[in-house]
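Trainee: Enclosed is the structure file structure29.csv (CSV, C-alpha atoms).
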```csv
chain,number,residue,atom,x,y,z
A,1,MET,CA,0.0,0.0,0.0
A,2,ASN,CA,2.8,2.4,1.0
A,3,LEU,CA,4.5,1.7,-2.3
A,4,ILE,CA,1.4,2.6,-4.3
A,5,VAL,CA,1.1,5.9,-2.4
A,6,ILE,CA,4.7,6.7,-3.2
A,7,PHE,CA,4.2,5.8,-6.9
A,8,ILE,CA,1.1,8.0,-7.3
A,9,GLY,CA,2.6,10.7,-5.2
A,10,ALA,CA,5.7,10.9,-7.4
A,11,ALA,CA,3.9,10.6,-10.7
A,12,LEU,CA,0.9,12.8,-10.3
A,13,ILE,CA,0.5,14.7,-7.0
A,14,ASN,CA,4.1,15.9,-6.6
A,15,ASN,CA,4.8,15.7,-10.3
A,16,PHE,CA,8.5,16.4,-10.8
A,17,VAL,CA,8.0,19.0,-13.5
A,18,LEU,CA,4.8,20.7,-12.7
A,19,SER,CA,4.9,20.9,-8.9
A,20,GLN,CA,8.5,20.4,-7.9
A,21,PHE,CA,10.1,22.3,-10.8
A,22,LEU,CA,12.7,19.7,-11.5
A,23,GLY,CA,13.7,19.1,-15.1
A,24,ILE,CA,12.3,22.4,-16.5
A,25,CYS,CA,15.1,22.7,-19.1
A,26,PRO,CA,14.3,19.6,-21.1
A,27,PHE,CA,10.6,20.4,-20.4
A,28,VAL,CA,11.0,23.7,-22.3
A,29,GLY,CA,13.7,22.5,-24.7
A,30,VAL,CA,12.5,19.1,-25.9
A,31,SER,CA,8.7,19.5,-25.9
A,32,LYS,CA,8.1,20.7,-29.5
A,33,LYS,CA,7.2,17.3,-30.9
A,34,VAL,CA,5.3,14.4,-29.3
A,35,ASP,CA,7.7,11.7,-30.6
A,36,SER,CA,10.9,13.3,-29.3
A,37,ALA,CA,9.2,14.2,-26.0
A,38,PHE,CA,8.2,10.6,-25.6
A,39,SER,CA,11.8,9.4,-26.4
A,40,MET,CA,13.3,11.9,-24.0
A,41,GLY,CA,10.8,10.9,-21.3
A,42,MET,CA,11.6,7.2,-21.7
A,43,ALA,CA,15.4,7.8,-21.7
A,44,THR,CA,15.1,9.9,-18.6
A,45,THR,CA,12.9,7.4,-16.8
A,46,PHE,CA,15.5,4.7,-17.6
A,47,VAL,CA,18.4,6.7,-16.2
A,48,MET,CA,16.3,7.8,-13.2
A,49,VAL,CA,15.5,4.3,-12.1
A,50,ILE,CA,19.1,3.1,-12.4
A,51,ALA,CA,20.5,6.3,-10.8
A,52,ALA,CA,18.1,6.0,-7.9
A,53,MET,CA,19.2,2.5,-7.2
A,54,VAL,CA,22.9,3.1,-7.5
A,55,THR,CA,23.0,6.3,-5.5
A,56,TRP,CA,21.0,4.6,-2.8
A,57,LEU,CA,23.5,1.7,-2.6
A,58,VAL,CA,26.5,4.0,-2.6
A,59,TYR,CA,24.9,6.3,0.0
A,60,ASN,CA,24.0,3.6,2.4
A,61,PHE,CA,26.9,1.2,1.9
A,62,ILE,CA,29.8,3.5,1.3
A,63,LEU,CA,29.1,7.1,2.4
A,64,VAL,CA,27.2,6.4,5.7
A,65,PRO,CA,29.6,3.6,7.1
A,66,PHE,CA,32.6,5.8,6.4
A,67,LYS,CA,30.8,9.0,7.7
A,68,LEU,CA,31.4,10.8,4.3
A,69,GLN,CA,27.9,12.3,4.0
A,70,ILE,CA,29.6,15.7,3.2
A,71,LEU,CA,30.7,14.2,-0.1
A,72,GLU,CA,27.1,13.4,-1.0
A,73,TYR,CA,26.7,16.0,-3.8
A,74,VAL,CA,30.1,15.3,-5.4
A,75,ALA,CA,29.6,11.6,-5.3
A,76,PHE,CA,26.0,11.7,-6.6
A,77,ILE,CA,26.8,13.9,-9.6
A,78,LEU,CA,29.8,11.7,-10.5
A,79,ILE,CA,27.7,8.6,-10.3
A,80,ILE,CA,25.0,10.2,-12.5
A,81,ALA,CA,27.5,11.4,-15.1
A,82,SER,CA,29.3,8.1,-15.4
A,83,LEU,CA,26.0,6.2,-15.4
A,84,VAL,CA,24.8,8.3,-18.4
A,85,GLN,CA,28.0,7.4,-20.2
A,86,LEU,CA,27.6,3.7,-19.4
A,87,VAL,CA,24.0,3.6,-20.4
A,88,GLU,CA,24.9,5.4,-23.7
A,89,MET,CA,27.6,2.8,-24.5
A,90,PHE,CA,25.4,-0.1,-23.5
A,91,ILE,CA,22.5,1.0,-25.6
A,92,ARG,CA,24.8,1.6,-28.6
A,93,LYS,CA,26.1,-2.0,-28.4
A,94,VAL,CA,22.7,-3.7,-27.7
A,95,SER,CA,20.2,-1.8,-29.8
A,96,LYS,CA,21.2,0.5,-32.6
A,97,PRO,CA,17.7,1.7,-33.4
A,98,LEU,CA,17.0,2.6,-29.8
A,99,TYR,CA,20.4,4.4,-29.7
A,100,ASP,CA,19.5,6.4,-32.8
A,101,ALA,CA,16.2,7.3,-31.4
A,102,LEU,CA,17.6,8.5,-28.0
A,103,GLY,CA,21.0,9.6,-29.3
A,104,ILE,CA,21.2,13.3,-28.7
A,105,PHE,CA,19.0,13.2,-25.6
A,106,LEU,CA,21.2,10.9,-23.6
A,107,PRO,CA,24.1,13.3,-22.8
A,108,LEU,CA,21.6,16.0,-21.9
A,109,ILE,CA,20.3,13.9,-19.1
A,110,THR,CA,23.4,14.4,-17.0
A,111,THR,CA,22.4,18.0,-16.4
A,112,ASN,CA,18.8,17.2,-15.8
A,113,CYS,CA,18.1,18.3,-12.3
A,114,ALA,CA,15.3,15.8,-12.0
A,115,ILE,CA,17.8,13.0,-11.7
A,116,LEU,CA,20.0,14.6,-9.0
A,117,GLY,CA,16.8,15.8,-7.3
A,118,LEU,CA,15.4,12.3,-7.2
A,119,ALA,CA,18.6,11.0,-5.7
A,120,LEU,CA,18.7,13.8,-3.1
A,121,ASN,CA,15.0,13.5,-2.3
A,122,SER,CA,15.1,9.8,-1.6
A,123,VAL,CA,18.0,10.3,0.9
A,124,LEU,CA,16.1,13.2,2.4
A,125,LYS,CA,12.9,11.1,2.8
A,126,GLU,CA,14.9,8.1,4.2
A,127,TYR,CA,13.3,5.6,1.7
A,128,ASN,CA,14.4,2.0,1.8
A,129,PHE,CA,15.6,0.3,-1.4
A,130,SER,CA,12.2,-0.8,-2.8
A,131,GLU,CA,10.6,2.5,-2.0
A,132,THR,CA,13.5,4.3,-3.8
A,133,LEU,CA,13.0,2.1,-6.8
A,134,ILE,CA,9.2,2.8,-7.0
A,135,TYR,CA,9.9,6.5,-6.4
A,136,GLY,CA,12.2,6.5,-9.3
A,137,VAL,CA,9.7,4.7,-11.6
A,138,GLY,CA,6.9,7.0,-10.6
A,139,ALA,CA,9.0,10.2,-11.0
A,140,GLY,CA,10.1,9.0,-14.5
A,141,ILE,CA,6.5,8.3,-15.6
A,142,GLY,CA,5.3,11.6,-14.2
A,143,PHE,CA,8.1,13.4,-16.1
A,144,THR,CA,7.2,11.6,-19.4
A,145,LEU,CA,3.5,12.4,-18.9
A,146,ALA,CA,4.2,16.1,-18.4
A,147,LEU,CA,6.5,16.3,-21.4
A,148,VAL,CA,4.1,14.5,-23.7
A,149,ILE,CA,1.1,16.6,-22.7
A,150,MET,CA,3.1,19.7,-23.2
A,151,ALA,CA,4.4,18.6,-26.6
A,152,GLY,CA,0.8,17.8,-27.7
A,153,ILE,CA,-0.3,21.3,-26.8
A,154,ARG,CA,2.7,22.9,-28.4
A,155,GLU,CA,2.0,21.1,-31.7
A,156,GLU,CA,-1.4,22.6,-31.8
A,157,LEU,CA,0.0,26.0,-30.8
A,158,GLU,CA,1.9,26.2,-34.1
A,159,LEU,CA,-1.4,27.1,-35.8
A,160,VAL,CA,-2.4,29.8,-33.3
A,161,ASP,CA,-2.0,33.5,-33.5
A,162,ILE,CA,0.0,34.5,-30.4
A,163,PRO,CA,0.9,38.1,-29.5
A,164,LYS,CA,4.4,38.9,-30.5
A,165,SER,CA,5.8,39.3,-27.0
A,166,PHE,CA,4.4,36.1,-25.8
A,167,GLN,CA,5.8,33.9,-28.6
A,168,GLY,CA,8.3,31.2,-27.6
A,169,ALA,CA,9.2,30.8,-24.0
A,170,ALA,CA,6.6,33.1,-22.5
A,171,ILE,CA,3.6,31.2,-23.9
A,172,THR,CA,5.2,27.9,-22.9
A,173,MET,CA,5.4,29.1,-19.3
A,174,ILE,CA,1.8,30.2,-19.3
A,175,ILE,CA,0.7,26.8,-20.6
A,176,ALA,CA,2.8,25.1,-18.0
A,177,GLY,CA,1.1,27.2,-15.4
A,178,SER,CA,-2.3,26.1,-16.6
A,179,LEU,CA,-1.1,22.5,-16.6
A,180,ALA,CA,0.2,22.9,-13.1
A,181,LEU,CA,-3.2,24.2,-12.1
A,182,ALA,CA,-4.8,21.1,-13.6
A,183,PHE,CA,-2.3,18.8,-11.9
A,184,MET,CA,-3.2,20.4,-8.5
A,185,GLY,CA,-6.5,18.7,-8.9
A,186,PHE,CA,-4.8,15.3,-8.3
A,187,ALA,CA,-4.0,16.5,-4.7
A,188,GLY,CA,-7.2,14.7,-3.5
A,189,LEU,CA,-6.2,11.3,-4.8
A,190,ILE,CA,-4.7,10.0,-1.5
B,191,MET,CA,33.2,39.9,-33.7
B,192,LYS,CA,34.9,42.7,-31.8
B,193,GLU,CA,36.6,41.8,-28.6
B,194,LYS,CA,34.6,43.1,-25.6
B,195,THR,CA,36.1,45.0,-22.7
B,196,ALA,CA,35.8,43.5,-19.2
B,197,ILE,CA,33.2,46.1,-18.4
B,198,GLN,CA,31.0,45.0,-21.3
B,199,GLU,CA,31.4,41.4,-20.3
B,200,PHE,CA,30.0,42.5,-16.9
B,201,VAL,CA,27.1,44.6,-18.3
B,202,LYS,CA,25.8,42.1,-20.8
B,203,GLY,CA,24.7,39.6,-18.1
B,204,LEU,CA,22.5,42.2,-16.5
B,205,TRP,CA,20.0,42.5,-19.4
B,206,ASP,CA,21.2,41.7,-23.0
B,207,GLU,CA,22.1,38.2,-22.2
B,208,ASN,CA,20.3,37.9,-18.9
B,209,PRO,CA,20.5,34.2,-18.0
B,210,VAL,CA,16.9,33.7,-17.0
B,211,LEU,CA,14.9,36.1,-19.2
B,212,VAL,CA,16.9,35.8,-22.4
B,213,GLN,CA,18.9,32.6,-22.3
B,214,LEU,CA,16.3,30.6,-20.3
B,215,LEU,CA,18.9,29.0,-18.2
B,216,GLY,CA,18.6,28.0,-14.6
B,217,LEU,CA,14.8,27.9,-14.7
B,218,CYS,CA,14.4,25.2,-12.1
B,219,PRO,CA,15.6,27.2,-9.1
B,220,THR,CA,14.0,30.3,-10.6
B,221,LEU,CA,10.6,28.8,-10.5
B,222,ALA,CA,10.9,26.7,-7.3
B,223,VAL,CA,12.4,29.0,-4.7
B,224,THR,CA,10.8,32.4,-5.6
B,225,VAL,CA,8.0,32.0,-3.1
B,226,SER,CA,9.3,34.9,-1.0
B,227,ALA,CA,11.7,37.7,-1.7
B,228,GLU,CA,14.1,36.4,1.0
B,229,ASN,CA,14.4,33.0,-0.5
B,230,GLY,CA,14.9,34.4,-4.0
B,231,MET,CA,17.6,36.7,-2.8
B,232,ALA,CA,19.4,33.9,-0.9
B,233,MET,CA,19.2,31.6,-3.9
B,234,GLY,CA,20.5,34.2,-6.3
B,235,LEU,CA,23.5,35.1,-4.0
B,236,ALA,CA,24.3,31.4,-3.4
B,237,ALA,CA,24.3,30.7,-7.2
B,238,THR,CA,26.4,33.9,-7.8
B,239,PHE,CA,29.0,32.8,-5.2
B,240,VAL,CA,29.3,29.3,-6.8
B,241,LEU,CA,29.4,30.8,-10.3
B,242,ILE,CA,32.2,33.3,-9.5
B,243,CYS,CA,34.3,30.7,-7.6
B,244,SER,CA,34.0,28.1,-10.3
B,245,SER,CA,34.6,30.5,-13.1
B,246,PHE,CA,37.8,31.6,-11.3
B,247,LEU,CA,39.1,28.0,-10.9
B,248,VAL,CA,38.0,26.9,-14.4
B,249,SER,CA,39.7,29.8,-16.1
B,250,MET,CA,42.8,29.3,-14.0
B,251,PHE,CA,43.1,25.7,-15.0
B,252,ARG,CA,41.7,26.0,-18.5
B,253,LYS,CA,45.0,25.0,-20.2
B,254,VAL,CA,45.5,22.0,-17.8
B,255,ILE,CA,42.1,20.3,-18.0
B,256,PRO,CA,42.0,17.8,-21.0
B,257,GLY,CA,39.2,18.3,-23.5
B,258,GLN,CA,37.6,14.9,-23.1
B,259,VAL,CA,36.9,15.1,-19.4
B,260,ARG,CA,36.3,18.8,-19.1
B,261,ILE,CA,32.6,18.6,-18.3
B,262,ALA,CA,33.2,16.1,-15.5
B,263,ALA,CA,36.0,18.3,-14.2
B,264,TYR,CA,33.7,21.4,-14.3
B,265,ILE,CA,31.0,19.5,-12.5
B,266,VAL,CA,33.3,18.4,-9.7
B,267,ILE,CA,34.6,21.9,-9.2
B,268,ILE,CA,31.0,23.3,-9.1
B,269,ALA,CA,29.9,20.5,-6.7
B,270,THR,CA,32.7,21.4,-4.3
B,271,PHE,CA,31.7,25.0,-4.1
B,272,VAL,CA,28.0,24.1,-3.8
B,273,THR,CA,28.9,21.9,-0.8
B,274,ILE,CA,30.7,24.9,0.8
B,275,ALA,CA,27.7,27.2,0.1
B,276,ASP,CA,25.3,24.6,1.5
B,277,ARG,CA,27.2,24.1,4.7
B,278,PHE,CA,27.6,27.9,5.1
B,279,LEU,CA,23.9,28.5,4.7
B,280,ALA,CA,23.1,25.6,7.1
B,281,ALA,CA,25.4,27.1,9.7
B,282,PHE,CA,24.5,30.8,9.4
B,283,ALA,CA,21.0,30.9,8.1
B,284,PRO,CA,19.3,27.6,9.0
B,285,ASP,CA,15.8,28.8,8.3
B,286,ILE,CA,16.6,29.8,4.7
B,287,SER,CA,18.6,26.7,4.2
B,288,LYS,CA,15.6,24.6,5.3
B,289,SER,CA,13.1,26.4,3.1
B,290,LEU,CA,15.4,26.2,0.0
B,291,GLY,CA,15.6,22.4,0.7
B,292,PRO,CA,17.1,20.4,-2.1
B,293,PHE,CA,17.5,23.4,-4.4
B,294,ILE,CA,20.9,24.4,-2.9
B,295,PRO,CA,22.5,21.1,-3.9
B,296,LEU,CA,20.7,21.4,-7.2
B,297,ILE,CA,22.8,24.4,-8.1
B,298,ILE,CA,25.3,21.8,-9.2
B,299,VAL,CA,23.2,21.0,-12.3
B,300,ASN,CA,22.1,24.5,-12.9
B,301,CYS,CA,22.7,24.9,-16.6
B,302,MET,CA,23.5,28.5,-16.2
B,303,ILE,CA,26.6,27.8,-14.2
B,304,LEU,CA,27.8,24.9,-16.3
B,305,GLY,CA,27.0,26.9,-19.4
B,306,ARG,CA,29.2,29.8,-18.4
B,307,GLN,CA,32.1,27.4,-17.7
B,308,GLU,CA,31.8,25.8,-21.1
B,309,ALA,CA,31.0,28.9,-23.1
B,310,PHE,CA,33.2,31.5,-21.4
B,311,ALA,CA,35.5,30.6,-18.5
B,312,SER,CA,37.2,27.8,-20.4
B,313,LYS,CA,38.2,30.2,-23.2
B,314,ASN,CA,39.0,33.4,-21.4
B,315,GLY,CA,41.4,34.8,-18.9
B,316,ILE,CA,40.7,35.0,-15.2
B,317,TRP,CA,39.8,38.7,-15.0
B,318,ARG,CA,37.4,38.6,-17.9
B,319,SER,CA,35.8,35.3,-16.6
B,320,LEU,CA,35.3,36.9,-13.2
B,321,MET,CA,33.6,39.9,-14.7
B,322,ASP,CA,31.4,37.7,-16.8
B,323,ALA,CA,30.5,35.5,-13.8
B,324,LEU,CA,29.7,38.6,-11.7
B,325,GLY,CA,27.5,40.0,-14.4
B,326,MET,CA,25.6,36.8,-15.0
B,327,GLY,CA,25.3,36.2,-11.3
B,328,LEU,CA,23.9,39.6,-10.6
B,329,GLY,CA,21.5,39.3,-13.6
B,330,PHE,CA,20.3,36.0,-12.2
B,331,THR,CA,19.9,37.5,-8.6
B,332,MET,CA,18.0,40.5,-9.9
B,333,THR,CA,15.6,38.5,-11.9
B,334,LEU,CA,15.0,36.2,-9.0
B,335,LEU,CA,14.5,39.2,-6.7
B,336,VAL,CA,11.9,40.8,-9.1
B,337,LEU,CA,10.1,37.5,-9.7
B,338,SER,CA,10.0,36.6,-6.0
B,339,SER,CA,8.9,40.1,-5.0
B,340,ILE,CA,6.0,39.9,-7.5
B,341,ARG,CA,5.0,36.5,-6.1
B,342,GLU,CA,5.3,37.4,-2.5
B,343,ILE,CA,3.5,40.7,-2.7
B,344,LEU,CA,0.6,39.3,-4.7
B,345,GLY,CA,0.6,35.9,-3.0
B,346,SER,CA,1.0,36.8,0.6
B,347,GLY,CA,0.7,40.6,0.7
B,348,THR,CA,4.1,41.0,2.2
B,349,TRP,CA,7.7,41.9,1.0
B,350,PHE,CA,10.7,40.5,2.9
B,351,GLY,CA,8.1,39.6,5.6
B,352,MET,CA,6.7,43.2,6.0
B,353,ASP,CA,3.1,44.0,5.2
B,354,VAL,CA,2.9,46.2,2.2
B,355,MET,CA,-0.6,45.9,0.8
B,356,TRP,CA,-3.6,47.8,2.1
B,357,GLY,CA,-5.8,46.2,4.8
B,358,SER,CA,-8.7,44.9,2.6
B,359,PHE,CA,-6.3,43.2,0.1
B,360,SER,CA,-6.9,39.5,-0.1
B,361,PRO,CA,-3.8,37.6,-1.2
B,362,TRP,CA,-3.9,35.6,-4.5
B,363,SER,CA,-2.8,32.4,-3.0
B,364,VAL,CA,-2.3,30.9,-6.4
B,365,MET,CA,0.8,33.1,-6.8
B,366,ILE,CA,2.7,31.2,-4.1
B,367,LEU,CA,1.6,27.8,-5.5
B,368,PRO,CA,3.4,26.1,-8.4
B,369,PRO,CA,1.1,27.5,-11.2
B,370,GLY,CA,1.8,31.0,-10.0
B,371,ALA,CA,5.5,30.5,-10.6
B,372,PHE,CA,4.9,29.6,-14.2
B,373,LEU,CA,2.4,32.3,-14.9
B,374,ALA,CA,4.5,35.0,-13.3
B,375,LEU,CA,7.7,34.0,-15.1
B,376,GLY,CA,5.7,33.8,-18.4
B,377,CYS,CA,4.5,37.3,-18.0
B,378,LEU,CA,8.0,38.5,-17.0
B,379,ILE,CA,9.6,37.0,-20.1
B,380,ALA,CA,6.8,38.5,-22.2
B,381,GLY,CA,7.5,41.8,-20.6
B,382,ALA,CA,11.2,41.6,-21.4
B,383,ASN,CA,10.4,40.6,-25.0
B,384,TRP,CA,8.1,43.6,-25.3
B,385,LEU,CA,10.7,46.0,-24.0
B,386,ASN,CA,13.4,44.6,-26.3
B,387,ASN,CA,11.1,44.7,-29.3
B,388,ARG,CA,10.2,48.3,-28.6
B,389,ARG,CA,13.8,49.3,-28.1
B,390,LYS,CA,14.8,47.8,-31.4
B,391,ALA,CA,11.9,49.3,-33.3
```
Since I need it in another form, could you write the structure as structure tokens?

Mentor:
Amino acid sequence: MNLIVIFIGAALINNFVLSQFLGICPFVGVSKKVDSAFSMGMATTFVMVIAAMVTWLVYNFILVPFKLQILEYVAFILIIASLVQLVEMFIRKVSKPLYDALGIFLPLITTNCAILGLALNSVLKEYNFSETLIYGVGAGIGFTLALVIMAGIREELELVDIPKSFQGAAITMIIAGSLALAFMGFAGLI
Amino acid sequence: MKEKTAIQEFVKGLWDENPVLVQLLGLCPTLAVTVSAENGMAMGLAATFVLICSSFLVSMFRKVIPGQVRIAAYIVIIATFVTIADRFLAAFAPDISKSLGPFIPLIIVNCMILGRQEAFASKNGIWRSLMDALGMGLGFTMTLLVLSSIREILGSGTWFGMDVMWGSFSPWSVMILPPGAFLALGCLIAGANWLNNRRKA
């Protein structure tokens, strides 16, 4: 039961993009087409789940026993950067089509604050291993959801007459605001 | 392109290449912490501190760091200064540190800071990099201060904790909730565009 609550909480109620403001850069940058938004979301989810697991293991089995919590940030960001590299090489070897589809998005993920935010949050909330795993999956799905909805709206937006000052980033922010308003409705779920 | 003087490097960050309004970098902390003017200010100053220190180190070592591992090297340098800033805030301003929560550590992946290292500090001397970092940092802090002031005044009727609105004003609580952050920033960016368009015309 607890796991379900964590999952829904991470995916909908505390949606990473729309209520915690994590991963705004790809949200604004890669949400022009539904296809690429979906690929980006999937790649991010993938890295998120692995990063959540590895950082949890490193934190609890290396940093805590040796009392090195002060190195938390440096350690986490190094883990994430090397993980993204590994994942990139792995995908290139195993599945060429998937690599071509994700290609340019993979390196971008290193600087996606949603990944580091996820790792830091699960330490902050003192989740155990399975909770961290579910938290990662939920957060990834929530991120993908927000990205795809946004891309769908922006595709329609191409045909709309927007005041000159609002074109580009400004209208994206306003739409994100309305989406965030809509996602607040999920607050009653649990 | 003509070489800019150090002063011009400083000034460009304030408006022409403002990191938030023009380059759309560092949006995550911009949106998340601007609930009150105090938080926005603290966040801006913390990011400025990290930016200046890392620009200094990166430009000093720019000829030593090998090209293939430069991003990793930048990130480690940034993460070190972020840890310092985080410990400093936790020791001297525990309330602010608590309300900023994970967003202080998240300065590490703030694309504004990494972007300046990659685009500027790694190619320029120490003095010019410092001026650039100072300008970008101040531009970032100013934008955060304006955005958080708008949100705090409309959303709670206060500014830096003082009452500023008239008695019968009822706060627009949406402004301090997540949607308000997006709406306020959207309007701010549109305002900046409008001003720039007018200036050009």

Trainee: At a cut-off of 9 Å, which residues of chain B touch chain A? Count only C-alpha atoms and give the answer as a PyMOL selection string.

Mentor: chain B and resi 214-222+262+265-270+272-273+277+292-293+295-301+304+364+367-385+387

Trainee: Could you check how far CA of Met40 (chain A) sits from CA of Ala119 (chain A), in Å to one decimal?

Mentor: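 Taking CA of Met40 (chain A) as the start and CA of Ala119 (chain A) as the end point, the length is 19.1 Å.
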
Trainee: Quick one, how far is CA of Trp362 (chain B) from CA of Leu290 (chain B)?

Mentor: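 Interatomic distance here is 21.9 Å.
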
Trainee: State, in Å with one decimal place, the distance from CA of Ala196 (chain B) to CA of Arg318 (chain B).

Mentor: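 Spanning CA of Ala196 (chain B) to CA of Arg318 (chain B) is a straight-line distance of 5.3 Å.
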
Trainee: Within 10 Å of Gly351 (chain B), counting all atoms listed in the file, which residues qualify if same-chain residues fewer than 6 places away don't, as an mmCIF file with C-alpha atoms, keeping the file's coordinate frame?

Mentor:
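Everything below was put into out-v9.cif:
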```cif
data_model
loop_
_atom_site.group_PDB
_atom_site.id
_atom_site.type_symbol
_atom_site.label_atom_id
_atom_site.label_comp_id
_atom_site.auth_asym_id
_atom_site.auth_seq_id
_atom_site.Cartn_x
_atom_site.Cartn_y
_atom_site.Cartn_z
ATOM 1 C CA SER B 226 9.300 34.900 -1.000
ATOM 2 C CA ALA B 227 11.700 37.700 -1.700
ATOM 3 C CA GLU B 228 14.100 36.400 1.000
ATOM 4 C CA GLU B 342 5.300 37.400 -2.500
ATOM 5 C CA ILE B 343 3.500 40.700 -2.700
#
```

Trainee: Just checking: using only C-alpha atoms, which residue out of B:Leu211, B:Ile274, B:Ile197, B:Ala263 ends up closest to Asn386 (chain B)?

Mentor: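 Residue with the minimum atom-to-atom distance to Asn386 (chain B): B:Leu211.
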
Trainee: Counting only C-alpha atoms, figure out which residue out of B:Val201, B:Val212, B:Leu335, B:Leu241 gets nearest to Gln307 (chain B).

Mentor: B:Leu241

Trainee: So that I can see what lies close to Gly41 (chain A), please list as a ChimeraX atom specification the residues with an atom at most 8 Å from it, counting all atoms listed in the file and leaving out residues fewer than 3 positions away in the same chain.

Mentor: /A:37-38,44-45,140-141,143-145,147-148

Trainee: Name all residues at most 10 Å from Phe246 (chain B) (count only C-alpha atoms; drop same-chain ones fewer than 3 positions away) and give them as a CSV table (one decimal) with C-alpha atoms, in the coordinates of the input.

Mentor:
```csv
chain,number,residue,atom,x,y,z
B,240,VAL,CA,29.3,29.3,-6.8
B,241,LEU,CA,29.4,30.8,-10.3
B,242,ILE,CA,32.2,33.3,-9.5
B,243,CYS,CA,34.3,30.7,-7.6
B,249,SER,CA,39.7,29.8,-16.1
B,250,MET,CA,42.8,29.3,-14.0
B,251,PHE,CA,43.1,25.7,-15.0
B,252,ARG,CA,41.7,26.0,-18.5
B,307,GLN,CA,32.1,27.4,-17.7
B,311,ALA,CA,35.5,30.6,-18.5
B,312,SER,CA,37.2,27.8,-20.4
B,315,GLY,CA,41.4,34.8,-18.9
B,316,ILE,CA,40.7,35.0,-15.2
B,317,TRP,CA,39.8,38.7,-15.0
B,318,ARG,CA,37.4,38.6,-17.9
B,319,SER,CA,35.8,35.3,-16.6
B,320,LEU,CA,35.3,36.9,-13.2
B,321,MET,CA,33.6,39.9,-14.7
B,323,ALA,CA,30.5,35.5,-13.8
```

Trainee: Here is a test: counting all atoms listed in the file, which residue of B:Met326, B:Ile366, B:Met302, B:Val259 is nearest to Gln85 (chain A)?

Mentor: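 Closest to Gln85 (chain A), using all atoms listed in the file: B:Val259.
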